[in-house]
>>> print(open('protein-v3.tsv').read())   # TSV, C-alpha atoms
chain	number	residue	atom	x	y	z
A	18	MET	CA	63.91	133.98	42.08
A	19	ALA	CA	65.77	131.30	44.03
A	20	ARG	CA	65.31	131.12	47.81
A	21	ARG	CA	68.17	132.47	49.85
A	22	VAL	CA	70.51	129.93	51.34
A	23	SER	CA	69.95	129.99	55.11
A	24	ILE	CA	71.95	128.95	58.12
A	25	LYS	CA	69.59	125.98	58.46
A	26	ASP	CA	70.54	124.78	54.98
A	27	VAL	CA	74.22	124.87	55.94
A	28	ALA	CA	73.51	123.05	59.20
A	29	GLN	CA	71.60	120.32	57.40
A	30	ARG	CA	74.32	119.86	54.77
A	31	ALA	CA	77.06	119.70	57.43
A	32	GLY	CA	75.04	117.52	59.79
A	33	VAL	CA	75.34	119.92	62.71
A	34	SER	CA	73.08	122.35	64.57
A	35	TRP	CA	72.52	125.90	63.38
A	36	LYS	CA	74.22	127.09	66.59
A	37	THR	CA	77.38	125.27	65.51
A	38	VAL	CA	77.25	126.97	62.13
A	39	SER	CA	76.85	130.31	63.91
A	40	ASN	CA	79.89	129.55	66.06
A	41	VAL	CA	81.95	128.80	62.95
A	42	VAL	CA	80.72	131.91	61.13
A	43	ASN	CA	81.55	134.11	64.11
A	44	GLU	CA	84.93	132.40	64.60
A	45	ARG	CA	84.22	131.30	68.15
A	46	PRO	CA	86.90	128.88	69.48
A	47	VAL	CA	84.40	126.29	70.68
A	48	VAL	CA	84.19	124.16	67.54
A	49	ARG	CA	86.48	121.20	66.86
A	50	PRO	CA	88.77	121.65	63.83
A	51	ASP	CA	87.22	118.76	61.88
A	52	THR	CA	83.70	120.08	62.51
A	53	ARG	CA	84.78	123.59	61.50
A	54	ALA	CA	86.22	122.24	58.25
A	55	THR	CA	82.97	120.39	57.49
A	56	VAL	CA	80.89	123.49	58.12
A	57	LEU	CA	83.17	125.71	56.01
A	58	ALA	CA	82.96	123.20	53.16
A	59	ALA	CA	79.14	123.30	53.35
A	60	ILE	CA	79.18	127.11	53.36
A	61	GLU	CA	81.36	127.16	50.26
A	62	GLU	CA	79.30	124.51	48.47
A	63	LEU	CA	75.96	126.21	49.12
A	64	GLY	CA	77.20	129.77	48.64
A	65	TYR	CA	75.92	130.86	52.07
A	66	VAL	CA	76.80	134.44	52.98
A	67	PRO	CA	76.58	135.33	56.70
A	68	ASN	CA	75.51	138.81	57.72
A	69	HIS	CA	78.06	139.79	60.32
A	70	VAL	CA	76.24	142.87	61.49
A	71	GLY	CA	72.85	141.23	61.80
A	72	ARG	CA	71.04	143.93	59.84
A	73	GLU	CA	68.90	141.43	57.97
A	74	LEU	CA	68.13	139.65	61.24
A	75	ARG	CA	66.51	142.88	62.42
A	76	GLY	CA	64.43	142.95	59.24
A	77	GLY	CA	65.62	146.20	57.65
A	78	PRO	CA	67.65	147.06	54.56
A	79	THR	CA	71.13	148.53	54.86
A	80	ARG	CA	70.35	151.39	52.43
A	81	THR	CA	73.95	151.01	51.34
A	82	ILE	CA	75.21	150.32	47.82
A	83	ALA	CA	78.72	149.06	47.18
A	84	LEU	CA	80.57	150.74	44.31
A	85	VAL	CA	83.43	148.45	43.29
A	86	VAL	CA	86.11	149.98	41.04
A	87	PRO	CA	89.50	148.57	40.04
A	88	GLU	CA	91.50	151.58	41.22
A	89	LEU	CA	91.26	155.20	42.31
A	90	GLN	CA	94.49	156.36	40.66
A	91	ASN	CA	92.51	156.76	37.48
A	92	PRO	CA	90.75	160.11	37.89
A	93	TYR	CA	87.69	158.77	36.04
A	94	PHE	CA	86.95	156.31	38.85
A	95	ALA	CA	87.68	158.90	41.55
A	96	ARG	CA	85.20	161.30	39.96
A	97	LEU	CA	82.65	158.50	39.50
A	98	ALA	CA	82.88	157.55	43.17
A	99	GLU	CA	82.55	161.13	44.39
A	100	ARG	CA	79.54	161.98	42.24
A	101	MET	CA	77.81	158.68	42.92
A	102	GLN	CA	78.09	159.39	46.65
A	103	ALA	CA	76.26	162.68	46.17
A	104	ALA	CA	73.59	161.22	43.87
A	105	ALA	CA	72.93	158.30	46.22
A	106	ARG	CA	72.55	160.66	49.17
A	107	GLU	CA	69.75	162.43	47.32
A	108	ARG	CA	67.99	159.06	47.08
A	109	GLY	CA	68.43	158.29	50.77
A	110	TYR	CA	71.28	155.82	50.25
A	111	THR	CA	74.97	155.75	51.05
A	112	VAL	CA	77.73	154.38	48.84
A	113	SER	CA	80.53	152.20	50.13
A	114	VAL	CA	83.48	152.60	47.76
A	115	GLU	CA	85.48	149.38	47.40
A	116	VAL	CA	88.72	149.12	45.41
A	117	SER	CA	89.39	145.70	43.87
A	118	LEU	CA	92.96	146.46	42.71
A	119	HIS	CA	92.16	144.33	39.64
A	120	SER	CA	91.71	141.22	41.81
A	121	ALA	CA	89.29	138.66	40.36
A	122	GLU	CA	88.84	137.14	43.82
A	123	THR	CA	87.81	140.47	45.31
A	124	GLU	CA	85.41	141.28	42.47
A	125	ARG	CA	83.92	137.78	42.65
A	126	ALA	CA	83.34	138.13	46.38
A	127	HIS	CA	81.37	141.33	45.86
A	128	VAL	CA	79.09	140.08	43.09
A	129	ARG	CA	78.38	136.90	45.08
A	130	GLY	CA	77.79	138.81	48.31
A	131	ARG	CA	80.62	137.09	50.13
A	132	THR	CA	81.85	140.12	52.01
A	133	ALA	CA	81.79	140.94	55.71
A	134	ARG	CA	79.51	143.95	55.36
A	135	PRO	CA	76.07	143.46	53.81
A	136	VAL	CA	74.81	145.87	51.16
A	137	ASP	CA	71.52	146.19	49.32
A	138	ALA	CA	73.15	146.11	45.87
A	139	VAL	CA	76.51	146.20	44.09
A	140	VAL	CA	77.53	148.55	41.29
A	141	ILE	CA	80.79	147.28	39.81
A	142	SER	CA	83.21	148.30	37.09
A	143	PRO	CA	85.00	144.96	36.71
A	144	SER	CA	88.51	144.49	35.40
A	145	ALA	CA	89.15	140.83	36.22
A	146	LEU	CA	85.79	139.05	36.34
A	147	ASP	CA	85.02	136.19	34.00
A	148	PRO	CA	81.52	135.93	32.45
A	149	ALA	CA	81.04	132.70	34.42
A	150	ASP	CA	81.32	134.68	37.64
A	151	LEU	CA	78.01	136.34	36.78
A	152	LEU	CA	76.31	133.33	35.23
A	153	ASP	CA	77.15	130.99	38.12
A	154	ARG	CA	75.84	133.19	40.93
A	155	ALA	CA	73.55	131.01	43.05
A	156	SER	CA	72.99	133.90	45.43
A	157	GLY	CA	74.19	137.41	46.10
A	158	PRO	CA	72.95	140.99	45.98
A	159	PRO	CA	71.49	142.70	42.91
A	160	VAL	CA	74.36	143.65	40.59
A	161	VAL	CA	74.73	146.55	38.16
A	162	LEU	CA	77.61	146.30	35.71
A	163	LEU	CA	79.42	149.46	34.59
A	164	GLY	CA	81.52	149.62	31.45
A	165	GLU	CA	82.17	147.13	28.71
A	166	THR	CA	84.36	144.41	30.19
A	167	LEU	CA	81.44	141.99	30.51
A	168	SER	CA	78.04	141.78	28.92
A	169	GLY	CA	74.95	141.67	31.07
A	170	ALA	CA	73.66	138.37	32.43
A	171	ALA	CA	70.35	137.27	33.93
A	172	GLY	CA	69.56	139.50	36.87
A	173	VAL	CA	72.43	141.88	36.05
A	174	VAL	CA	71.83	145.34	34.59
A	175	HIS	CA	74.54	146.63	32.24
A	176	VAL	CA	75.20	150.39	31.96
A	177	ALA	CA	77.75	151.74	29.45
A	178	ILE	CA	78.37	154.15	26.60
A	179	ASP	CA	78.48	152.85	23.03
A	180	ASN	CA	82.21	152.46	22.53
A	181	VAL	CA	81.95	151.33	18.93
A	182	ALA	CA	79.97	154.44	18.02
A	183	SER	CA	82.20	156.76	20.06
A	184	ALA	CA	85.31	155.38	18.34
A	185	ALA	CA	83.68	156.03	14.99
A	186	ASP	CA	83.02	159.61	16.12
A	187	VAL	CA	86.72	160.02	16.91
A	188	VAL	CA	87.78	158.73	13.49
A	189	ARG	CA	85.30	160.98	11.67
A	190	HIS	CA	86.56	163.98	13.63
A	191	LEU	CA	90.18	163.26	12.75
A	192	VAL	CA	89.43	162.55	9.10
A	193	ALA	CA	87.53	165.84	8.87
A	194	GLY	CA	90.67	167.52	10.18
A	195	GLY	CA	92.81	166.06	7.41
A	196	HIS	CA	94.42	163.16	9.28
A	197	ARG	CA	95.02	159.90	7.40
A	198	ARG	CA	97.30	157.65	9.44
A	199	LEU	CA	95.80	157.01	12.86
A	200	LEU	CA	97.67	155.19	15.64
A	201	PHE	CA	95.40	153.30	18.08
A	202	LEU	CA	96.57	152.74	21.67
A	203	GLY	CA	94.83	150.19	23.87
A	204	ALA	CA	94.33	147.02	21.82
A	205	GLU	CA	93.50	144.09	24.11
A	206	ASP	CA	93.30	140.32	23.75
A	207	ALA	CA	90.12	139.87	25.78
A	208	VAL	CA	86.99	138.47	24.14
A	209	ARG	CA	85.09	141.58	25.22
A	210	SER	CA	86.51	144.68	26.83
A	211	THR	CA	86.55	148.43	26.57
A	212	GLY	CA	89.65	148.18	24.41
A	213	THR	CA	88.20	145.58	22.03
A	214	ASP	CA	84.99	147.58	21.58
A	215	ARG	CA	86.84	150.82	20.89
A	216	LEU	CA	89.23	149.09	18.52
A	217	ALA	CA	86.29	147.51	16.67
A	218	GLY	CA	84.74	150.93	16.13
A	219	PHE	CA	88.10	152.37	15.13
A	220	ARG	CA	88.72	149.66	12.53
A	221	ALA	CA	85.23	149.88	11.06
A	222	ALA	CA	85.42	153.66	10.75
A	223	THR	CA	88.93	153.71	9.26
A	224	ARG	CA	87.90	151.11	6.67
A	225	PHE	CA	84.82	153.14	5.79
A	226	ALA	CA	87.02	156.22	5.37
A	227	GLU	CA	89.45	154.17	3.24
A	228	LEU	CA	92.35	154.89	5.57
A	229	PRO	CA	95.47	152.66	5.64
A	230	GLN	CA	94.96	149.38	7.55
A	231	ASP	CA	98.56	149.16	8.75
A	232	PRO	CA	99.03	146.63	11.61
A	233	THR	CA	101.89	148.75	12.99
A	234	LEU	CA	99.28	151.43	13.77
A	235	VAL	CA	97.51	149.28	16.39
A	236	ARG	CA	99.35	149.04	19.72
A	237	GLY	CA	98.49	146.95	22.75
A	238	VAL	CA	99.30	148.13	26.26
A	239	GLY	CA	99.66	146.19	29.50
A	240	GLU	CA	97.88	148.83	31.56
A	241	TRP	CA	95.87	151.92	30.66
A	242	THR	CA	98.21	154.35	32.38
A	243	ARG	CA	100.15	157.48	31.47
A	244	GLU	CA	103.40	155.50	31.50
A	245	ALA	CA	101.95	152.85	29.16
A	246	GLY	CA	100.75	155.54	26.74
A	247	ARG	CA	104.15	157.20	26.72
A	248	ASP	CA	105.98	153.90	26.16
A	249	ALA	CA	103.60	152.79	23.39
A	250	VAL	CA	104.10	156.00	21.42
A	251	LEU	CA	107.86	155.94	21.95
A	252	GLY	CA	107.85	152.35	20.71
A	253	ALA	CA	105.90	153.32	17.61
A	254	LEU	CA	108.34	156.13	16.88
A	255	GLU	CA	111.32	153.82	17.37
A	256	ASP	CA	109.70	151.36	14.97
A	257	ALA	CA	109.45	154.19	12.41
A	258	ALA	CA	105.66	153.84	12.27
A	259	GLU	CA	104.17	156.69	10.29
A	260	PHE	CA	101.17	158.36	11.93
A	261	ASP	CA	99.63	161.81	12.10
A	262	ALA	CA	97.13	161.18	14.91
A	263	VAL	CA	96.90	159.12	18.11
A	264	VAL	CA	93.59	157.58	19.22
A	265	ALA	CA	94.17	156.62	22.85
A	266	GLY	CA	91.83	154.20	24.63
A	267	ASN	CA	91.51	156.52	27.63
A	268	ASP	CA	92.72	159.92	28.79
A	269	LEU	CA	95.64	158.49	30.79
A	270	LEU	CA	97.07	156.85	27.68
A	271	ALA	CA	96.52	160.10	25.79
A	272	VAL	CA	98.37	162.15	28.41
A	273	GLY	CA	101.27	159.72	28.17
A	274	ALA	CA	101.18	160.05	24.38
A	275	LEU	CA	101.43	163.83	24.69
A	276	ALA	CA	104.53	163.45	26.89
A	277	ALA	CA	106.19	161.09	24.40
A	278	LEU	CA	105.52	163.36	21.42
A	279	HIS	CA	106.82	166.37	23.33
A	280	ALA	CA	109.97	164.43	24.32
A	281	ARG	CA	110.64	163.70	20.65
A	282	GLY	CA	110.12	167.31	19.60
A	283	LEU	CA	106.86	166.70	17.73
A	284	ASP	CA	104.19	169.38	17.75
A	285	VAL	CA	100.63	168.61	18.82
A	286	PRO	CA	98.52	169.06	16.78
A	287	GLY	CA	100.79	170.37	14.03
A	288	ASP	CA	102.64	167.07	13.56
A	289	VAL	CA	100.35	164.66	15.42
A	290	ALA	CA	96.82	165.07	16.78
A	291	VAL	CA	95.77	163.25	19.98
A	292	VAL	CA	92.35	162.12	21.26
A	293	GLY	CA	91.39	160.35	24.51
A	294	TRP	CA	88.31	158.99	26.27
A	295	ASP	CA	86.51	159.86	29.55
A	296	ASP	CA	87.04	163.64	29.56
A	297	THR	CA	88.70	163.63	32.96
A	298	ALA	CA	89.45	166.92	34.67
A	299	GLU	CA	93.16	166.99	33.87
A	300	VAL	CA	92.76	166.94	30.07
A	301	ALA	CA	91.54	170.54	30.01
A	302	TRP	CA	94.85	171.50	31.68
A	303	THR	CA	97.31	169.60	29.50
A	304	ARG	CA	99.34	171.51	26.92
A	305	PRO	CA	97.74	171.46	24.49
A	306	ALA	CA	94.35	170.78	26.00
A	307	LEU	CA	93.17	167.31	25.01
A	308	THR	CA	90.19	166.41	22.85
A	309	SER	CA	88.28	163.60	24.55
A	310	ILE	CA	85.08	161.54	24.42
A	311	ALA	CA	82.89	162.60	27.35
A	312	PRO	CA	80.32	160.14	28.67
A	313	ASP	CA	77.21	161.63	30.23
A	314	LEU	CA	78.40	160.77	33.72
A	315	ASP	CA	75.31	162.08	35.48
A	316	ALA	CA	73.10	159.89	33.28
A	317	LEU	CA	75.36	156.89	33.85
A	318	ILE	CA	75.24	157.33	37.62
A	319	ALA	CA	71.48	157.87	37.62
A	320	ALA	CA	70.89	154.73	35.53
A	321	ALA	CA	73.18	152.65	37.74
A	322	LEU	CA	71.65	153.85	41.01
A	323	ASP	CA	68.08	153.51	39.77
A	324	ALA	CA	68.76	149.93	38.66
A	325	ALA	CA	70.55	149.06	41.91
A	326	ILE	CA	67.80	150.49	44.11
A	327	ALA	CA	65.05	148.87	42.05
A	328	GLY	CA	66.83	145.54	42.33
A	329	ALA	CA	67.30	145.94	46.06
A	330	GLU	CA	63.64	146.81	46.61
A	331	GLN	CA	62.46	143.92	44.45
A	332	SER	CA	64.78	141.50	46.23
A	333	GLY	CA	63.63	142.69	49.65
A	334	THR	CA	59.93	142.45	48.77
A	335	GLU	CA	60.13	138.97	47.30
A	336	GLN	CA	62.23	137.51	50.08
A	337	ALA	CA	60.99	139.22	53.21
A	338	GLY	CA	58.63	136.37	54.07
A	339	ALA	CA	61.33	133.74	53.70
A	340	GLU	CA	63.74	135.78	55.82
A	341	ARG	CA	61.24	136.20	58.63
A	342	ALA	CA	60.43	132.50	58.66
A	343	ASP	CA	64.07	131.47	58.85
A	344	THR	CA	64.81	134.11	61.47
A	345	GLU	CA	62.00	133.00	63.73
A	346	GLN	CA	62.97	129.32	63.49
A	347	ALA	CA	66.73	129.54	63.63
A	348	GLY	CA	67.81	133.09	64.44
A	349	ALA	CA	69.57	132.85	61.10
A	350	GLU	CA	71.75	135.36	59.35
A	351	GLN	CA	71.12	135.27	55.63
A	352	ASN	CA	72.53	136.48	52.34
A	353	GLY	CA	70.94	138.32	49.39
A	354	THR	CA	70.03	137.24	45.91
A	355	GLY	CA	70.15	139.08	42.65
A	356	THR	CA	67.26	140.59	40.81
A	357	ALA	CA	64.91	138.46	38.75
A	358	GLY	CA	66.20	136.61	35.70
A	359	ARG	CA	66.27	139.50	33.28
A	360	VAL	CA	68.97	141.15	31.19
A	361	ALA	CA	68.78	144.93	30.85
A	362	GLU	CA	71.12	147.21	28.91
A	363	ALA	CA	71.29	150.97	29.44
A	364	VAL	CA	73.29	152.79	26.74
A	365	ILE	CA	74.49	156.19	27.95
A	366	ALA	CA	74.99	159.17	25.66
A	367	HIS	CA	78.44	160.56	24.88
A	368	ARG	CA	79.89	163.55	23.05
A	369	LEU	CA	83.25	164.48	21.62
A	370	VAL	CA	84.72	167.53	23.38
A	371	GLU	CA	87.04	169.21	20.89
A	372	ARG	CA	90.12	170.98	22.24
A	373	GLU	CA	93.46	172.15	20.90
A	374	SER	CA	95.03	168.69	20.52
A	375	THR	CA	93.06	168.05	17.32
A	376	ARG	CA	93.06	171.41	15.63
A	377	ALA	CA	92.43	170.91	11.88
A	378	VAL	CA	95.50	170.43	9.71
A	379	PRO	CA	95.74	173.38	7.23
A	380	SER	CA	95.11	172.52	3.61
A	381	ALA	CA	98.19	172.34	1.41
>>> encode(input="protein-v3.tsv", output="structure tokens")
Amino acid sequence: MARRVSIKDVAQRAGVSWKTVSNVVNERPVVRPDTRATVLAAIEELGYVPNHVGRELRGGPTRTIALVVPELQNPYFARLAERMQAAARERGYTVSVEVSLHSAETERAHVRGRTARPVDAVVISPSALDPADLLDRASGPPVVLLGETLSGAAGVVHVAIDNVASAADVVRHLVAGGHRRLLFLGAEDAVRSTGTDRLAGFRAATRFAELPQDPTLVRGVGEWTREAGRDAVLGALEDAAEFDAVVAGNDLLAVGALAALHARGLDVPGDVAVVGWDDTAEVAWTRPALTSIAPDLDALIAAALDAAIAGAEQSGTEQAGAERADTEQAGAEQNGTGTAGRVAEAVIAHRLVERESTRAVPSA
């Protein structure tokens, strides 16, 4: 594991004293503008992360884990945050919920540890990160990746359900119910994403079942929202696409699909069946109640927390000596590093929860 970048390293690179670096970090108005610019450039170049609360200077962990999610409007992320708080408390940790609002800059700052408040580890469900943001981390806290947007990298644990397999489960369920023309909502252009994984499973399963491979039955959406699901289904209907089932990439898209079908006077499931993903609380209350893929959320949270805490403890053990030495010599504030150079994947179980939206089509 690489040694943490210290305040002394920044001072040496900038050609100033560590006290000057401290003044810049703490935004004290005693440093000349040109010197401040030189120090800030050295901080950026080395990836130094100051600890503004001095917790590491006192030698103890924060016992705080950052959970970074793209939004809380999606009930899946709200439920994840709430239940992770409770599970972390049982382990003697607290969870700081951070909302990235789909900002790559914000997500990058968290995985590199460049935030004002130090944490022992970061659990993140990224929506805007590039794979290079994980591969190029010279320093930062241990990171646990949730979902399928990015694959794991060295020192980053990846926790997710098998979206290819779950999509195949959806197709098998619909085929068993007599459906033959399936409309997929949520196609994406990314190299790897939740949408691409679920579409890959959908395509493989529909080919295996010898269903029509009609390109008009695959619809991309700008966002995975109720409005986007409604608009995608309305667009398919306006295009005269023929379908008897909707496979929506998440529950929000599925709820929007239900609204569009209802607005056009189509019966669910009599005319069109609908399936979603995530099994959020609202889908049991839609009319009709929505069939959905349910991840084992408790298992996902447990795997993520266990990996985050293990990474934090490993990081603290391996670097405690270096921290104490730098602290004694320079009174330095220091940043964290990720876990050792390993790639770990945790695949979480899922199940299809059948409700009224996919009732079997009666035989002719």
>>> atom_distance(input="protein-v3.tsv", atom1="atom CA of Glu122 of chain A", atom2="atom CA of Met101 of chain A")
24.2 Å
>>> atom_distance(input="protein-v3.tsv", atom1="atom CA of Val38 of chain A", atom2="atom CA of Asp150 of chain A")
26.0 Å
>>> atom_distance(input="protein-v3.tsv", atom1="atom CA of Val160 of chain A", atom2="atom CA of Pro312 of chain A")
21.2 Å
>>> closest_residue(input="protein-v3.tsv", among="A:Glu88, A:Asp137, A:Asp313, A:Asp261", to="Leu228 of chain A", atoms="only C-alpha atoms")
A:Asp261
>>> closest_residue(input="protein-v3.tsv", among="A:Arg220, A:Arg96, A:Arg189, A:His175", to="Glu299 of chain A", atoms="only C-alpha atoms")
A:Arg96
>>> closest_residue(input="protein-v3.tsv", among="A:Glu244, A:Glu205, A:Asp288, A:Asp147", to="Val263 of chain A", atoms="all atoms listed in the file")
A:Asp288
>>> closest_residue(input="protein-v3.tsv", among="A:Leu254, A:Ala324, A:Val291, A:Ala185", to="Ser309 of chain A", atoms="all atoms listed in the file")
A:Val291
>>> closest_residue(input="protein-v3.tsv", among="A:Ala271, A:Leu63, A:Ala95, A:Ala145", to="Ser117 of chain A", atoms="all atoms listed in the file")
A:Ala145
>>> closest_residue(input="protein-v3.tsv", among="A:Leu89, A:Leu152, A:Leu322, A:Ala221", to="Leu118 of chain A", atoms="only C-alpha atoms")
A:Leu89
>>> residues_near_point(input="protein-v3.tsv", point="(90.5, 144.7, 19.0)", cutoff="10 Å", atoms="all atoms listed in the file", output="ChimeraX atom specification")
/A:201,203-220,235-237
>>> decode(input="protein-v3.tsv", residues="segment 130-147 of chain A", atoms="N, CA, C and O atoms", output="compact mmCIF listing (two decimals), in the first residue's frame")
# COMPACT_ATOMS: atom_id res chain seq x y z
N GLY A 130 -11.11 11.06 -1.51
CA GLY A 130 -10.96 11.59 -0.16
C GLY A 130 -10.77 13.09 -0.10
O GLY A 130 -10.30 13.62 0.90
N ARG A 131 -11.16 13.79 -1.14
CA ARG A 131 -10.95 15.24 -1.18
C ARG A 131 -12.21 15.98 -0.73
O ARG A 131 -12.80 16.77 -1.47
N THR A 132 -12.64 15.68 0.46
CA THR A 132 -13.80 16.33 1.05
C THR A 132 -13.40 16.92 2.38
O THR A 132 -12.40 16.54 2.99
N ALA A 133 -14.19 17.88 2.86
CA ALA A 133 -13.83 18.59 4.09
C ALA A 133 -13.87 17.69 5.31
O ALA A 133 -13.04 17.82 6.21
N ARG A 134 -14.82 16.76 5.34
CA ARG A 134 -14.96 15.90 6.52
C ARG A 134 -14.34 14.54 6.26
O ARG A 134 -14.69 13.88 5.28
N PRO A 135 -13.43 14.11 7.10
CA PRO A 135 -12.80 12.79 6.90
C PRO A 135 -13.77 11.67 7.27
O PRO A 135 -14.63 11.82 8.13
N VAL A 136 -13.64 10.55 6.59
CA VAL A 136 -14.41 9.35 6.90
C VAL A 136 -13.46 8.16 6.84
O VAL A 136 -12.38 8.23 6.26
N ASP A 137 -13.88 7.06 7.44
CA ASP A 137 -13.04 5.86 7.43
C ASP A 137 -13.14 5.11 6.11
O ASP A 137 -12.22 4.39 5.73
N ALA A 138 -14.27 5.23 5.42
CA ALA A 138 -14.46 4.53 4.15
C ALA A 138 -15.62 5.18 3.41
O ALA A 138 -16.42 5.92 3.99
N VAL A 139 -15.70 4.87 2.11
CA VAL A 139 -16.77 5.41 1.26
C VAL A 139 -17.50 4.25 0.58
O VAL A 139 -16.87 3.39 -0.04
N VAL A 140 -18.82 4.24 0.72
CA VAL A 140 -19.68 3.33 -0.03
C VAL A 140 -20.42 4.19 -1.04
O VAL A 140 -21.13 5.12 -0.66
N ILE A 141 -20.26 3.90 -2.33
CA ILE A 141 -20.80 4.80 -3.35
C ILE A 141 -21.56 4.04 -4.42
O ILE A 141 -21.13 2.98 -4.88
N SER A 142 -22.71 4.59 -4.79
CA SER A 142 -23.45 4.13 -5.95
C SER A 142 -23.25 5.18 -7.03
O SER A 142 -23.97 6.18 -7.07
N PRO A 143 -22.26 5.02 -7.89
CA PRO A 143 -21.89 6.10 -8.81
C PRO A 143 -22.83 6.19 -10.01
O PRO A 143 -23.40 5.19 -10.46
N SER A 144 -22.99 7.40 -10.51
CA SER A 144 -23.77 7.59 -11.73
C SER A 144 -22.98 8.35 -12.78
O SER A 144 -23.39 8.39 -13.94
N ALA A 145 -21.84 8.94 -12.39
CA ALA A 145 -21.10 9.78 -13.33
C ALA A 145 -19.61 9.48 -13.36
O ALA A 145 -18.89 10.06 -14.16
N LEU A 146 -19.13 8.60 -12.50
CA LEU A 146 -17.70 8.31 -12.46
C LEU A 146 -17.23 7.59 -13.71
O LEU A 146 -17.97 6.81 -14.31
N ASP A 147 -16.00 7.84 -14.09
CA ASP A 147 -15.33 7.13 -15.16
C ASP A 147 -14.44 6.06 -14.53
O ASP A 147 -13.94 6.26 -13.41
